[in-house]
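Structure file start-v5.pdb; described as PDB, C-alpha atoms.
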MODEL        1
ATOM      1  CA  MET A   1     -58.606 -42.906  45.867
ATOM      2  CA  PHE A   2     -56.088 -40.989  48.033
ATOM      3  CA  ASN A   3     -57.396 -41.773  51.506
ATOM      4  CA  ASP A   4     -54.835 -43.747  53.533
ATOM      5  CA  LYS A   5     -52.538 -43.848  50.490
ATOM      6  CA  SER A   6     -48.914 -42.822  50.212
ATOM      7  CA  VAL A   7     -48.622 -40.334  47.344
ATOM      8  CA  LEU A   8     -45.495 -38.854  45.742
ATOM      9  CA  VAL A   9     -45.279 -36.006  43.232
ATOM     10  CA  THR A  10     -42.034 -35.337  41.374
ATOM     11  CA  GLY A  11     -41.370 -31.683  40.670
ATOM     12  CA  GLY A  12     -43.621 -31.109  43.661
ATOM     13  CA  THR A  13     -42.540 -27.513  44.313
ATOM     14  CA  GLY A  14     -43.701 -26.346  40.863
ATOM     15  CA  SER A  15     -47.025 -24.651  40.179
ATOM     16  CA  PHE A  16     -48.792 -27.948  39.458
ATOM     17  CA  GLY A  17     -47.251 -29.656  42.480
ATOM     18  CA  ARG A  18     -48.308 -26.929  44.896
ATOM     19  CA  LYS A  19     -51.886 -26.919  43.623
ATOM     20  CA  PHE A  20     -51.979 -30.730  43.642
ATOM     21  CA  ILE A  21     -50.742 -30.858  47.241
ATOM     22  CA  ALA A  22     -53.259 -28.214  48.348
ATOM     23  CA  THR A  23     -56.107 -30.075  46.636
ATOM     24  CA  VAL A  24     -55.237 -33.499  48.066
ATOM     25  CA  LEU A  25     -54.882 -32.079  51.592
ATOM     26  CA  ALA A  26     -58.260 -30.344  51.290
ATOM     27  CA  ARG A  27     -60.194 -33.332  49.925
ATOM     28  CA  TYR A  28     -58.498 -36.491  51.230
ATOM     29  CA  LYS A  29     -56.650 -37.986  54.165
ATOM     30  CA  PRO A  30     -53.472 -39.493  52.694
ATOM     31  CA  ARG A  31     -51.145 -41.536  54.843
ATOM     32  CA  ARG A  32     -48.148 -39.717  53.371
ATOM     33  CA  LEU A  33     -47.896 -36.916  50.829
ATOM     34  CA  ILE A  34     -44.359 -36.630  49.466
ATOM     35  CA  VAL A  35     -42.866 -33.671  47.624
ATOM     36  CA  PHE A  36     -39.867 -34.764  45.558
ATOM     37  CA  SER A  37     -37.821 -31.978  43.974
ATOM     38  CA  ARG A  38     -34.287 -30.661  43.660
ATOM     39  CA  ASP A  39     -34.842 -27.081  44.897
ATOM     40  CA  GLU A  40     -34.155 -26.773  48.620
ATOM     41  CA  LEU A  41     -35.283 -23.128  48.832
ATOM     42  CA  LYS A  42     -38.659 -23.881  47.233
ATOM     43  CA  GLN A  43     -39.081 -26.845  49.574
ATOM     44  CA  TYR A  44     -38.322 -24.636  52.585
ATOM     45  CA  GLU A  45     -40.851 -22.055  51.411
ATOM     46  CA  MET A  46     -43.436 -24.752  50.711
ATOM     47  CA  GLN A  47     -42.990 -26.229  54.196
ATOM     48  CA  GLN A  48     -44.146 -22.931  55.675
ATOM     49  CA  GLN A  49     -47.474 -23.331  53.880
ATOM     50  CA  PHE A  50     -47.976 -27.104  53.853
ATOM     51  CA  ASP A  51     -46.966 -28.610  57.195
ATOM     52  CA  ALA A  52     -49.639 -31.282  57.759
ATOM     53  CA  PRO A  53     -48.415 -34.364  59.670
ATOM     54  CA  CYS A  54     -48.618 -36.473  56.473
ATOM     55  CA  MET A  55     -46.269 -34.171  54.534
ATOM     56  CA  ARG A  56     -42.762 -35.307  53.595
ATOM     57  CA  TYR A  57     -40.131 -33.365  51.665
ATOM     58  CA  PHE A  58     -37.451 -35.264  49.763
ATOM     59  CA  LEU A  59     -34.591 -33.509  48.027
ATOM     60  CA  GLY A  60     -33.636 -35.334  44.860
ATOM     61  CA  ASP A  61     -33.415 -35.236  41.080
ATOM     62  CA  VAL A  62     -35.294 -37.505  38.677
ATOM     63  CA  ARG A  63     -31.928 -38.072  36.989
ATOM     64  CA  ASP A  64     -30.896 -40.057  40.100
ATOM     65  CA  THR A  65     -32.481 -43.520  40.017
ATOM     66  CA  ASP A  66     -31.201 -44.578  43.427
ATOM     67  CA  ARG A  67     -32.721 -41.553  45.119
ATOM     68  CA  LEU A  68     -36.034 -42.104  43.331
ATOM     69  CA  ILE A  69     -36.123 -45.734  44.458
ATOM     70  CA  GLN A  70     -35.483 -44.627  48.020
ATOM     71  CA  ALA A  71     -38.142 -41.902  47.862
ATOM     72  CA  MET A  72     -40.794 -44.261  46.427
ATOM     73  CA  HIS A  73     -40.463 -46.819  49.218
ATOM     74  CA  ASP A  74     -43.988 -47.828  50.335
ATOM     75  CA  VAL A  75     -45.569 -45.360  47.868
ATOM     76  CA  ASP A  76     -48.907 -46.241  46.258
ATOM     77  CA  LEU A  77     -49.486 -43.438  43.741
ATOM     78  CA  VAL A  78     -47.071 -41.216  41.798
ATOM     79  CA  VAL A  79     -47.612 -38.055  39.776
ATOM     80  CA  HIS A  80     -44.625 -37.306  37.570
ATOM     81  CA  ALA A  81     -44.611 -33.535  37.041
ATOM     82  CA  ALA A  82     -40.844 -32.868  37.005
ATOM     83  CA  ALA A  83     -39.542 -31.594  33.657
ATOM     84  CA  LEU A  84     -37.472 -28.955  31.940
ATOM     85  CA  LYS A  85     -40.181 -26.996  30.123
ATOM     86  CA  GLN A  86     -38.780 -23.788  28.653
ATOM     87  CA  VAL A  87     -38.652 -24.156  24.854
ATOM     88  CA  PRO A  88     -35.697 -21.787  24.186
ATOM     89  CA  ALA A  89     -33.672 -23.244  27.070
ATOM     90  CA  ALA A  90     -34.198 -26.735  25.676
ATOM     91  CA  GLU A  91     -33.046 -25.648  22.212
ATOM     92  CA  TYR A  92     -29.813 -24.213  23.640
ATOM     93  CA  ASN A  93     -29.228 -27.027  26.172
ATOM     94  CA  PRO A  94     -30.583 -30.138  24.440
ATOM     95  CA  MET A  95     -28.745 -32.803  26.446
ATOM     96  CA  GLU A  96     -29.864 -31.305  29.753
ATOM     97  CA  CYS A  97     -33.472 -31.486  28.560
ATOM     98  CA  ILE A  98     -32.976 -35.068  27.379
ATOM     99  CA  LYS A  99     -31.407 -36.119  30.702
ATOM    100  CA  THR A 100     -34.344 -34.789  32.716
ATOM    101  CA  ASN A 101     -37.326 -35.378  30.440
ATOM    102  CA  ILE A 102     -36.373 -38.713  28.845
ATOM    103  CA  ASN A 103     -33.828 -40.348  31.138
ATOM    104  CA  GLY A 104     -35.740 -39.010  34.133
ATOM    105  CA  ALA A 105     -38.960 -40.597  32.823
ATOM    106  CA  GLN A 106     -37.279 -43.999  32.569
ATOM    107  CA  ASN A 107     -35.866 -43.572  36.082
ATOM    108  CA  VAL A 108     -39.374 -42.899  37.444
ATOM    109  CA  ILE A 109     -40.602 -46.051  35.694
ATOM    110  CA  ASP A 110     -37.746 -48.167  37.093
ATOM    111  CA  ALA A 111     -38.255 -46.803  40.613
ATOM    112  CA  ALA A 112     -42.003 -47.459  40.429
ATOM    113  CA  PHE A 113     -41.385 -51.088  39.416
ATOM    114  CA  ALA A 114     -38.760 -51.505  42.147
ATOM    115  CA  ASN A 115     -41.271 -50.423  44.796
ATOM    116  CA  GLU A 116     -44.417 -52.022  43.325
ATOM    117  CA  VAL A 117     -46.123 -48.636  43.101
ATOM    118  CA  GLU A 118     -49.791 -49.118  42.218
ATOM    119  CA  LYS A 119     -50.371 -46.309  39.685
ATOM    120  CA  VAL A 120     -48.283 -43.631  37.986
ATOM    121  CA  ILE A 121     -49.583 -40.687  35.961
ATOM    122  CA  ALA A 122     -47.104 -38.624  33.958
ATOM    123  CA  LEU A 123     -47.868 -35.085  32.854
ATOM    124  CA  SER A 124     -47.395 -34.295  29.176
ATOM    125  CA  THR A 125     -48.021 -31.241  26.992
ATOM    126  CA  ASP A 126     -49.724 -30.289  23.749
ATOM    127  CA  LYS A 127     -46.219 -29.643  22.408
ATOM    128  CA  ALA A 128     -45.612 -33.415  22.437
ATOM    129  CA  ALA A 129     -48.149 -33.883  19.616
ATOM    130  CA  ASN A 130     -46.352 -33.577  16.262
ATOM    131  CA  PRO A 131     -43.451 -31.803  18.003
ATOM    132  CA  ILE A 132     -41.390 -29.152  16.241
ATOM    133  CA  ASN A 133     -39.141 -28.252  19.191
ATOM    134  CA  LEU A 134     -36.850 -30.297  21.415
ATOM    135  CA  TYR A 135     -38.996 -29.871  24.510
ATOM    136  CA  GLY A 136     -41.992 -31.357  22.699
ATOM    137  CA  ALA A 137     -39.844 -34.149  21.266
ATOM    138  CA  THR A 138     -38.533 -35.128  24.700
ATOM    139  CA  LYS A 139     -42.045 -35.158  26.133
ATOM    140  CA  LEU A 140     -43.247 -37.332  23.252
ATOM    141  CA  ALA A 141     -40.422 -39.761  24.051
ATOM    142  CA  SER A 142     -41.414 -39.628  27.709
ATOM    143  CA  ASP A 143     -45.058 -40.360  26.821
ATOM    144  CA  LYS A 144     -43.994 -43.387  24.780
ATOM    145  CA  LEU A 145     -41.849 -44.684  27.642
ATOM    146  CA  PHE A 146     -44.685 -44.501  30.170
ATOM    147  CA  ILE A 147     -47.197 -46.105  27.826
ATOM    148  CA  ALA A 148     -44.869 -48.935  26.802
ATOM    149  CA  ALA A 149     -43.971 -49.579  30.453
ATOM    150  CA  ASN A 150     -47.385 -51.241  30.852
ATOM    151  CA  ASN A 151     -46.297 -53.863  28.350
ATOM    152  CA  VAL A 152     -43.131 -54.786  30.252
ATOM    153  CA  ALA A 153     -44.760 -54.751  33.691
ATOM    154  CA  GLY A 154     -44.967 -58.542  33.779
ATOM    155  CA  LYS A 155     -45.974 -59.615  37.276
ATOM    156  CA  HIS A 156     -45.590 -56.086  38.652
ATOM    157  CA  ARG A 157     -48.852 -54.488  39.740
ATOM    158  CA  THR A 158     -47.711 -51.054  38.526
ATOM    159  CA  ARG A 159     -49.731 -49.358  35.792
ATOM    160  CA  PHE A 160     -48.890 -46.146  33.953
ATOM    161  CA  ALA A 161     -50.931 -43.474  32.151
ATOM    162  CA  VAL A 162     -50.272 -40.043  30.658
ATOM    163  CA  VAL A 163     -52.238 -36.785  30.880
ATOM    164  CA  ARG A 164     -51.816 -34.184  28.118
ATOM    165  CA  TYR A 165     -53.267 -30.685  28.244
ATOM    166  CA  GLY A 166     -52.665 -27.180  26.896
ATOM    167  CA  ASN A 167     -51.511 -23.841  28.262
ATOM    168  CA  VAL A 168     -52.159 -23.236  31.940
ATOM    169  CA  VAL A 169     -53.733 -19.854  32.682
ATOM    170  CA  GLY A 170     -51.270 -17.644  34.530
ATOM    171  CA  SER A 171     -48.452 -20.191  34.680
ATOM    172  CA  ARG A 172     -44.842 -19.031  34.761
ATOM    173  CA  GLY A 173     -43.624 -18.121  31.289
ATOM    174  CA  SER A 174     -47.096 -17.842  29.771
ATOM    175  CA  VAL A 175     -48.226 -14.836  27.750
ATOM    176  CA  VAL A 176     -50.755 -13.572  30.309
ATOM    177  CA  PRO A 177     -48.287 -12.576  33.081
ATOM    178  CA  PHE A 178     -46.027 -11.178  30.333
ATOM    179  CA  PHE A 179     -48.792  -8.938  28.963
ATOM    180  CA  ARG A 180     -49.724  -7.779  32.454
ATOM    181  CA  LYS A 181     -46.107  -6.943  33.240
ATOM    182  CA  LEU A 182     -45.911  -4.815  30.094
ATOM    183  CA  LEU A 183     -49.125  -3.003  31.041
ATOM    184  CA  ALA A 184     -47.839  -2.335  34.555
ATOM    185  CA  GLU A 185     -44.741  -0.792  32.985
ATOM    186  CA  GLY A 186     -46.915   1.552  30.916
ATOM    187  CA  ALA A 187     -46.769  -0.188  27.525
ATOM    188  CA  LYS A 188     -48.663   1.631  24.743
ATOM    189  CA  GLU A 189     -49.012  -1.533  22.628
ATOM    190  CA  LEU A 190     -48.780  -5.290  23.045
ATOM    191  CA  PRO A 191     -46.483  -7.552  20.984
ATOM    192  CA  ILE A 192     -48.432 -10.243  19.106
ATOM    193  CA  THR A 193     -46.565 -13.090  17.453
ATOM    194  CA  ASP A 194     -49.214 -13.678  14.791
ATOM    195  CA  PRO A 195     -52.877 -12.573  14.753
ATOM    196  CA  ARG A 196     -53.922 -16.030  13.498
ATOM    197  CA  MET A 197     -52.403 -17.811  16.500
ATOM    198  CA  THR A 198     -54.667 -19.886  18.781
ATOM    199  CA  ARG A 199     -54.057 -21.796  21.993
ATOM    200  CA  PHE A 200     -55.843 -24.254  24.278
ATOM    201  CA  TRP A 201     -56.420 -22.983  27.833
ATOM    202  CA  ILE A 202     -56.950 -24.708  31.157
ATOM    203  CA  THR A 203     -56.771 -23.471  34.738
ATOM    204  CA  LEU A 204     -54.317 -25.047  37.143
ATOM    205  CA  GLN A 205     -57.170 -26.351  39.293
ATOM    206  CA  GLN A 206     -58.833 -27.926  36.254
ATOM    207  CA  GLY A 207     -55.564 -29.635  35.372
ATOM    208  CA  VAL A 208     -55.128 -30.988  38.890
ATOM    209  CA  ASP A 209     -58.745 -32.192  39.032
ATOM    210  CA  PHE A 210     -58.320 -33.956  35.689
ATOM    211  CA  VAL A 211     -55.193 -35.762  36.882
ATOM    212  CA  ILE A 212     -56.844 -36.807  40.144
ATOM    213  CA  SER A 213     -59.920 -38.202  38.384
ATOM    214  CA  ASN A 214     -57.769 -40.173  35.938
ATOM    215  CA  PHE A 215     -56.281 -42.225  38.769
ATOM    216  CA  THR A 216     -59.753 -43.771  39.033
ATOM    217  CA  ARG A 217     -60.371 -43.882  35.264
ATOM    218  CA  MET A 218     -57.067 -45.416  34.166
ATOM    219  CA  ARG A 219     -56.522 -49.054  33.298
ATOM    220  CA  GLY A 220     -52.945 -48.558  32.133
ATOM    221  CA  GLY A 221     -51.602 -47.315  28.806
ATOM    222  CA  GLU A 222     -54.041 -44.464  28.150
ATOM    223  CA  LEU A 223     -53.159 -40.939  27.126
ATOM    224  CA  PHE A 224     -55.897 -38.685  28.532
ATOM    225  CA  VAL A 225     -56.763 -35.373  26.845
ATOM    226  CA  PRO A 226     -59.366 -33.021  28.378
ATOM    227  CA  LYS A 227     -61.905 -31.128  26.309
ATOM    228  CA  ILE A 228     -60.926 -27.512  26.947
ATOM    229  CA  PRO A 229     -61.546 -24.190  25.177
ATOM    230  CA  SER A 230     -59.335 -22.282  22.768
ATOM    231  CA  SER A 231     -58.738 -18.583  22.325
ATOM    232  CA  ARG A 232     -57.222 -16.367  19.658
ATOM    233  CA  ILE A 233     -54.167 -14.419  20.750
ATOM    234  CA  THR A 234     -55.854 -11.212  19.545
ATOM    235  CA  ASP A 235     -58.917 -11.892  21.744
ATOM    236  CA  LEU A 236     -56.582 -12.569  24.650
ATOM    237  CA  ALA A 237     -54.878  -9.206  24.153
ATOM    238  CA  GLU A 238     -58.233  -7.447  23.862
ATOM    239  CA  ALA A 239     -59.483  -9.060  27.081
ATOM    240  CA  ILE A 240     -56.401  -7.992  29.022
ATOM    241  CA  ALA A 241     -56.092  -4.504  27.522
ATOM    242  CA  PRO A 242     -59.293  -3.405  25.759
ATOM    243  CA  GLY A 243     -58.624  -1.024  22.894
ATOM    244  CA  LEU A 244     -54.834  -1.089  23.249
ATOM    245  CA  PRO A 245     -53.032  -1.440  19.889
ATOM    246  CA  TRP A 246     -50.818  -4.414  19.149
ATOM    247  CA  ARG A 247     -47.912  -5.013  16.795
ATOM    248  CA  GLN A 248     -46.982  -8.251  15.057
ATOM    249  CA  ILE A 249     -43.503  -9.521  15.935
ATOM    250  CA  GLY A 250     -43.535 -12.935  14.218
ATOM    251  CA  ILE A 251     -43.581 -16.501  15.495
ATOM    252  CA  ARG A 252     -40.642 -17.422  17.693
ATOM    253  CA  PRO A 253     -38.451 -20.477  17.022
ATOM    254  CA  GLY A 254     -40.223 -23.677  18.053
ATOM    255  CA  GLU A 255     -43.723 -22.147  18.063
ATOM    256  CA  LYS A 256     -46.780 -23.209  16.065
ATOM    257  CA  LEU A 257     -49.713 -21.177  14.818
ATOM    258  CA  HIS A 258     -52.088 -23.717  16.400
ATOM    259  CA  GLU A 259     -51.507 -26.418  18.984
ATOM    260  CA  VAL A 260     -52.688 -30.004  18.561
ATOM    261  CA  MET A 261     -53.542 -32.402  21.369
ATOM    262  CA  VAL A 262     -54.853 -35.310  19.289
ATOM    263  CA  PRO A 263     -53.067 -35.530  15.905
ATOM    264  CA  ILE A 264     -55.023 -36.854  12.937
ATOM    265  CA  ASP A 265     -52.607 -39.796  12.769
ATOM    266  CA  ASP A 266     -53.839 -40.866  16.229
ATOM    267  CA  ALA A 267     -57.527 -40.667  15.292
ATOM    268  CA  PHE A 268     -57.587 -44.413  14.600
ATOM    269  CA  HIS A 269     -56.664 -45.045  18.260
ATOM    270  CA  THR A 270     -58.774 -42.303  19.862
ATOM    271  CA  LEU A 271     -61.948 -42.658  21.908
ATOM    272  CA  GLU A 272     -64.256 -39.789  22.804
ATOM    273  CA  PHE A 273     -65.834 -39.535  26.253
ATOM    274  CA  GLU A 274     -68.175 -36.815  27.500
ATOM    275  CA  HIS A 275     -65.496 -34.502  28.841
ATOM    276  CA  HIS A 276     -62.250 -35.918  27.455
ATOM    277  CA  TYR A 277     -60.525 -38.047  24.837
ATOM    278  CA  VAL A 278     -58.412 -41.165  25.323
ATOM    279  CA  ILE A 279     -55.632 -42.054  22.905
ATOM    280  CA  GLN A 280     -55.210 -45.804  23.155
ATOM    281  CA  PRO A 281     -51.765 -47.382  22.821
ATOM    282  CA  SER A 282     -50.664 -47.994  19.242
ATOM    283  CA  ILE A 283     -48.877 -51.157  20.379
ATOM    284  CA  GLN A 284     -50.662 -54.353  21.353
ATOM    285  CA  PHE A 285     -50.180 -55.235  25.019
ATOM    286  CA  VAL A 286     -49.784 -58.789  26.270
ATOM    287  CA  GLN A 287     -52.818 -58.127  28.485
ATOM    288  CA  GLN A 288     -54.917 -55.608  26.545
ATOM    289  CA  PRO A 289     -57.471 -53.680  28.649
ATOM    290  CA  ASP A 290     -60.836 -52.673  27.260
ATOM    291  CA  TYR A 291     -60.367 -48.930  27.023
ATOM    292  CA  THR A 292     -63.920 -48.280  25.810
ATOM    293  CA  ARG A 293     -65.133 -48.516  29.433
ATOM    294  CA  ASP A 294     -63.037 -46.717  32.019
ATOM    295  CA  GLY A 295     -62.645 -47.253  35.752
ATOM    296  CA  MET A 296     -65.549 -44.902  36.445
ATOM    297  CA  GLY A 297     -67.866 -46.900  34.211
ATOM    298  CA  ALA A 298     -68.007 -44.274  31.443
ATOM    299  CA  VAL A 299     -68.170 -45.550  27.878
ATOM    300  CA  GLY A 300     -66.216 -44.024  24.997
ATOM    301  CA  ARG A 301     -66.767 -44.231  21.277
ATOM    302  CA  PRO A 302     -64.303 -44.057  18.371
ATOM    303  CA  VAL A 303     -63.791 -40.673  16.720
ATOM    304  CA  ALA A 304     -63.980 -40.115  12.954
ATOM    305  CA  GLU A 305     -61.005 -41.213  10.857
ATOM    306  CA  ASP A 306     -60.177 -37.601   9.965
ATOM    307  CA  PHE A 307     -60.517 -36.296  13.533
ATOM    308  CA  GLU A 308     -57.903 -33.911  14.898
ATOM    309  CA  TYR A 309     -58.131 -31.987  18.163
ATOM    310  CA  ASN A 310     -56.620 -28.674  17.099
ATOM    311  CA  SER A 311     -56.782 -25.325  18.906
ATOM    312  CA  GLY A 312     -57.577 -23.627  15.579
ATOM    313  CA  THR A 313     -60.597 -25.821  14.765
ATOM    314  CA  ASN A 314     -61.768 -26.431  18.323
ATOM    315  CA  PRO A 315     -65.587 -26.045  18.496
ATOM    316  CA  HIS A 316     -65.275 -24.095  21.776
ATOM    317  CA  PHE A 317     -63.638 -20.669  21.438
ATOM    318  CA  LEU A 318     -63.600 -18.250  24.352
ATOM    319  CA  SER A 319     -65.118 -14.789  24.022
ATOM    320  CA  THR A 320     -63.283 -11.887  25.650
ATOM    321  CA  ALA A 321     -65.749 -12.051  28.560
ATOM    322  CA  GLU A 322     -65.098 -15.787  28.985
ATOM    323  CA  ILE A 323     -61.351 -15.178  28.855
ATOM    324  CA  LEU A 324     -61.633 -12.683  31.712
ATOM    325  CA  SER A 325     -63.803 -15.136  33.661
ATOM    326  CA  LEU A 326     -61.271 -17.924  33.155
ATOM    327  CA  PHE A 327     -58.427 -15.684  34.338
ATOM    328  CA  GLY A 328     -60.516 -14.741  37.358
ATOM    329  CA  GLN A 329     -60.908 -18.422  38.275
ATOM    330  CA  ALA A 330     -57.135 -18.852  38.154
ATOM    331  CA  GLU A 331     -56.361 -15.955  40.480
TER     332      GLU A 331
ENDMDL
END

Translate this file's structure into structure tokens.
Amino acid sequence: MFNDKSVLVTGGTGSFGRKFIATVLARYKPRRLIVFSRDELKQYEMQQQFDAPCMRYFLGDVRDTDRLIQAMHDVDLVVHAAALKQVPAAEYNPMECIKTNINGAQNVIDAAFANEVEKVIALSTDKAANPINLYGATKLASDKLFIAANNVAGKHRTRFAVVRYGNVVGSRGSVVPFFRKLLAEGAKELPITDPRMTRFWITLQQGVDFVISNFTRMRGGELFVPKIPSSRITDLAEAIAPGLPWRQIGIRPGEKLHEVMVPIDDAFHTLEFEHHYVIQPSIQFVQQPDYTRDGMGAVGRPVAEDFEYNSGTNPHFLSTAEILSLFGQAE
């Protein structure tokens, strides 16, 4: 899929972007591999690690349509990973989040059309399903924009899809590095928001692999959701610090007890495949693909009418030993 292709990733200096770049360089021979981001220091640091002849580094912001159009010249495939992601920051700076996550999404779409990009995959989040915070709401709007873009493509060859997954093990701002920092500082107990809380977990490599495979699977308009395990926050604490007491501090603003990746209201549109789900578009496209058979030849089947993919009712919960194993894979 990526051999002899020109590939661009927005937000390319982030944790996903770096892992994506490393994976593509290790497995494929792209014609060009473009990092598009606004942070010149991170780009400089990244250039010291990734300096293959195919690498290109473009400074720019997804808020700037003209720069995106310029950067996507002769590009075949785009991964849109740029976003403002911190929930509290979004609550305090709502318009900044809207400008990047919603307006930026539309700018990526417009630039892809302008350059006849072949395929675009946008990264989403479990917080976009039934959102209760601004970050999740902006990502839901972004998802809708990318999905609907397939319906206005007209004679353009460009097709768009979305990938949604849960918490990334060890990512910046996640609870795992926070717990480990507290332990390194000699903490005698760990703060737990609520002992009932559950979360989906995925490693960064698993997320990258899922995105890469969906470039082959996609027909345009799908929202892909991987089947991944859940864990209880109490089991997570026990895995990191066996026997250490914890204290309940309450759920923070914008948090849920359980995360949802396929809401029950989307069950009517959802197909189940062996290792993932596909939420089909709720709108009827002018040229409607058959989503029951993907680009890899796999066949999906409709889920039950009352189906919901919820971290609290997920059939696969991690034991403390599995949690430690998963963290080990991410390190």

Using only C-alpha atoms, which residues of range 19-131 of chain A come within 9 Å of range 201-206 of chain A, and what is the closest atom pair for each, with the distance in Å to one decimal? Give it as a Markdown table, sorted by chain and residue number.
| residue | atom | partner | partner_atom | distance |
| --- | --- | --- | --- | --- |
| A:Lys19 | CA | A:Gln205 | CA | 6.9 |
| A:Phe20 | CA | A:Gln205 | CA | 8.1 |
| A:Thr23 | CA | A:Gln205 | CA | 8.3 |

Residue IDs satisfying the PyMOL selection byres ((chain A and resi 285) around 12), as JSON, numbers by chain: {"A": [147, 148, 149, 150, 151, 152, 153, 154, 220, 221, 222, 280, 281, 282, 283, 284, 286, 287, 288, 289, 290]}

Selection dump of the PyMOL selection byres ((chain A and resi 83) around 9), as number ranges by chain: A: 10-11, 62, 80-82, 84-85, 97, 100-101, 104, 139

Option closest in space to Lys256 in chain A, from A:Val225, A:Glu272, A:Arg67, A:Arg196 [counting all atoms listed in the file]: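 So, comparing all the options, the nearest one is A:Arg196.
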
Report as a PDB file with C-alpha atoms, in the coordinates of the input all protein, DNA and RNA residues lying within 12 Å of Asp110 in chain A, evaluated on only C-alpha atoms, omitting residues in the same chain fewer than 5 positions from it.
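Written file, selection-v6.pdb:
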ATOM      1  CA  VAL A  62     -35.294 -37.505  38.677  1.00  0.00           C
ATOM      2  CA  ARG A  63     -31.928 -38.072  36.989  1.00  0.00           C
ATOM      3  CA  ASP A  64     -30.896 -40.057  40.100  1.00  0.00           C
ATOM      4  CA  THR A  65     -32.481 -43.520  40.017  1.00  0.00           C
ATOM      5  CA  ASP A  66     -31.201 -44.578  43.427  1.00  0.00           C
ATOM      6  CA  ARG A  67     -32.721 -41.553  45.119  1.00  0.00           C
ATOM      7  CA  LEU A  68     -36.034 -42.104  43.331  1.00  0.00           C
ATOM      8  CA  ILE A  69     -36.123 -45.734  44.458  1.00  0.00           C
ATOM      9  CA  GLN A  70     -35.483 -44.627  48.020  1.00  0.00           C
ATOM     10  CA  MET A  72     -40.794 -44.261  46.427  1.00  0.00           C
ATOM     11  CA  ASN A 103     -33.828 -40.348  31.138  1.00  0.00           C
ATOM     12  CA  GLY A 104     -35.740 -39.010  34.133  1.00  0.00           C
ATOM     13  CA  ALA A 105     -38.960 -40.597  32.823  1.00  0.00           C
ATOM     14  CA  ASN A 115     -41.271 -50.423  44.796  1.00  0.00           C
ATOM     15  CA  GLU A 116     -44.417 -52.022  43.325  1.00  0.00           C
ATOM     16  CA  VAL A 117     -46.123 -48.636  43.101  1.00  0.00           C
ATOM     17  CA  VAL A 120     -48.283 -43.631  37.986  1.00  0.00           C
ATOM     18  CA  LEU A 145     -41.849 -44.684  27.642  1.00  0.00           C
ATOM     19  CA  PHE A 146     -44.685 -44.501  30.170  1.00  0.00           C
ATOM     20  CA  ALA A 149     -43.971 -49.579  30.453  1.00  0.00           C
ATOM     21  CA  ASN A 150     -47.385 -51.241  30.852  1.00  0.00           C
ATOM     22  CA  VAL A 152     -43.131 -54.786  30.252  1.00  0.00           C
ATOM     23  CA  ALA A 153     -44.760 -54.751  33.691  1.00  0.00           C
ATOM     24  CA  HIS A 156     -45.590 -56.086  38.652  1.00  0.00           C
ATOM     25  CA  THR A 158     -47.711 -51.054  38.526  1.00  0.00           C
ATOM     26  CA  PHE A 160     -48.890 -46.146  33.953  1.00  0.00           C
TER      27      PHE A 160
END

Option closest in space to Glu308 in chain A, from A:Phe224, A:Tyr57, A:Tyr291, A:Tyr277 [counting only C-alpha atoms]: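 Selected residue with least distance to Glu308 in chain A: A:Tyr277.
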
Residues in the PyMOL selection byres ((chain A and resi 294) around 10), expressed as a list in words: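 Going through the file, the PyMOL selection byres ((chain A and resi 294) around 10) ends up selecting Asn214, Thr216, Arg217, Met218, Arg219, Phe273, Val278, Pro289, Asp290, Tyr291, Thr292, Arg293, Gly295, Met296, Gly297, Ala298, Val299 and Gly300 of chain A.
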
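Counting only C-alpha atoms, the residue from A:Lys119, A:Ala111, A:Lys188, A:Met261 that sits nearest to Leu140 in chain A is A:Met261.
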
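The residue that comes closest to Gly207 in chain A, out of A:Leu123, A:Ala129, A:Pro245, A:Asp76 and on the basis of only C-alpha atoms, is A:Leu123.
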
Best match for closeness to Ser325 in chain A among A:Asn130, A:Arg157, A:Tyr28, A:Leu236, counting only C-alpha atoms: A:Leu236

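We find CA of Glu45 in chain A and CA of Thr13 in chain A to be spaced 9.1 Å apart.
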
Straight-line distance linking CA of Thr138 in chain A with CA of Val163 in chain A, stated in Å to one decimal: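 CA of Thr138 in chain A sits 15.1 Å away from CA of Val163 in chain A.
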
Distance query Ala90 in chain A at most 7 Å, all atoms listed in the file, self and fewer than 4 positions along chain excluded, as a ChimeraX atom specification: /A:86,94,97,134-135

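The space separating CA of Pro229 in chain A from CA of Ile323 in chain A comes to 9.7 Å.
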
Among listed residues A:Val169, A:Ala137, A:Val75, A:Ile121, nearest Val87 in chain A (using all atoms listed in the file):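 Distance minimum relative to Val87 in chain A lands on A:Ala137.
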